[in-house]
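Colleague: My questions all concern the structure below.
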Amino acid sequence: MDTLTESTSIKEVNEMHFDVYHRRAKGIWALFGDHVYVTFADGSSFKCHGGDTDGTLLEGASGVEDLNLAKAMNEPMRIPIEVAGVTLFHITTNEAGILYGFNGGCHTMANRIIVKSGKTVSKAPGDVLSACVFGEYGIYLLPCIIPVVEYLMRWIYRFVPEETQKLLKPLLKSPTAFGHIFITGFRKEWKKRLEEHDIPVYPHLRGPFSEPLSGEDSLQNPDAYMMRQSEQALSESKSLIQQKLGADFDTETQDQLLSCLKELNEHVPEEKLLQSPSLAELQDHFVSDFNKKVKATLSKARHILNNDEDYEKLFNAKPEEDIIFLDQNKLNEVINGIKADLKEQFKDKH
């Protein structure tokens with residue numbers, strides 16, 4: 001996992017030009033189709049959980065940002081996981097408060113780093129897909145990762161102290177509720193970081209789900225979270241579709257595209273894929289299954305659009321190009337980091 005540091009104190013503004021670069025996915029750097037990273041005029045770079053070389057300048061994603069602020073936004077976060085007002089344990093994120101594969105990837109990291117500039121990586125290949133499941137700023141939990149969260153939760157339960165087990169036990173029957181509690185902590189800490197640096201809390205953090213349900217509410221109605229998250233994420237996707245294809249683009253086609261993206265957002269792996277003897281095998285099955293679903297979604301979207309030019313505008317990729325949404329190596333790294341961190345937290349509490 002990334003080394004956690006205290007939040008950078010912004011003593012002076014250091015505004016300078018920045019650029020975002022993208023690079024075709026390959027090998028271990030296969031993140032969201034293309035990897036994206038951010039560079040500043042003084043040579044500083046932000047790798048966004050990948051590399052920072054061999055990229056091509058991303059259209060529409062250059063601007064001016066406070067470098068000191070960007071550094072503060074890029075720092076990992078220590079996320080408290082709370083039930084009934086009690087902090088059970090902490091999860092340390094990757095860069096920019098994002099836990100790769102859970103609430104975002106390189107797209108969301110880059111957007112957070114340059115958040116005050118108002119620029120985003122909307123011209124990066126696969127950005128609509130990323131917004132569909134994570135939101136542009138990584139405030140939603142990838143719905144179909146719930147089985148991985150459940151497996152991880154059961155792994156945690158086996159070695160935490162007895163008092164923590166008592167609080168976790170009800171959640172073993174409702175992994176969706178645990179998923180909600182999980183992402184609630186991530187949202188609260190990101191909102192806190194914005195407020196600490198006097199950045200307006202943008203509309204994507206407002207609305208009926210900005211104030212999280214309590215753990216008890218989640219247990220009573222665990223599906224409410226996923227339904228509300230899906231609605232908000234698809235609303236972001238709709239805005240991106242209109243931005244890329246035009247607000248006057250055929251309404252019926254827009255609705256069909258949103259229906260297609262909704263299937264991706266709500267995708268659940270086949271039951272047989274979840275019957276894995278180990279967390280490692282579950283992750284392998286999960287990543288492979290979801291990447292296949294992404295490919296099927298893109299194929300369906302191409303059929304709906306029936307126009308390769310519009311397809312390229314929407315997905316920033318040619319129809320024959322694969323967009324690899326998740327990378328197995330990166331997810332394995334994150335899971336192993338969580339497990340090592342938790343073992344350290346509880347080593348003296350048995």
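Letters for chains follow the order of the structure tokens (A, B, ...), residue numbers begin at 1 for each chain, and ligand numbers begin at 1 in the order shown.
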Pick out the residues sitting within 12 Å of region 249-259 of chain A, and hand them over as a PyMOL selection string; count only C-alpha atoms, and ignore anything fewer than 4 positions along from it in its own chain.
Modeller: chain A and resi 128-129+131-132+230-231+233-245+263-266+297-307+310-311+314-315
Colleague: Which is closer to Leu142 (chain A) than all the others in A:Thr93, A:Thr56, A:Gln229, A:Asn68, using only C-alpha atoms?
Modeller: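 So, comparing all the options, the nearest one is A:Gln229.
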Colleague: My list of candidates is A:Phe286, A:Phe18, A:Phe89, A:Tyr37. Which is closest to Tyr157 (chain A) when distances are computed with only C-alpha atoms?
Modeller: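 Looking only at the distances to Tyr157 (chain A), the closest residue turns out to be A:Phe89.
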Colleague: For CA of Leu57 (chain A) and CA of Tyr21 (chain A), quote the distance in Å rounded to one decimal.
Modeller: 4.5 Å
Colleague: Can you tell me, as a PyMOL selection string, what residues are no more than 7 Å from Asp289 (chain A) when counting only C-alpha atoms, ignoring any on the same chain fewer than 4 positions away?
Modeller: chain A and resi 269+285+293
Colleague: Using only C-alpha atoms, what does the table of region 105-185 of chain A residues within 9 Å of region 340-343 of chain A look like, with each row giving the shortest atom pair and its distance in Å to one decimal, sorted by chain and ascending number, as a Markdown table?
Modeller:
```
| residue | atom | partner | partner_atom | distance |
| --- | --- | --- | --- | --- |
| A:Ile156 | CA | A:Leu342 | CA | 7.7 |
| A:Phe159 | CA | A:Lys343 | CA | 8.2 |
| A:Val160 | CA | A:Lys343 | CA | 8.6 |
```
Colleague: I want to know what sits within 12 Å of Thr164 (chain A), based on only C-alpha atoms, with residues of the same chain fewer than 4 positions away left out; could you give that as JSON, numbers by chain?
Modeller: {"A": [81, 82, 83, 84, 86, 87, 88, 89, 153, 156, 157, 158, 159, 160, 168, 169, 170, 171, 346, 349, 350]}
Colleague: Report, in Å with one decimal, the straight-line distance from CA of Glu59 (chain A) to CA of Ala317 (chain A).
Modeller: 13.2 Å
Colleague: Assign secondary structure with DSSP using the backbone only, and return the residues of region 203-337 of chain A in alpha helix (DSSP H) as a VMD selection string.
Modeller: chain A and resid 215 to 220 222 to 245 251 to 265 271 to 274 279 to 305 308 to 315 328 to 337
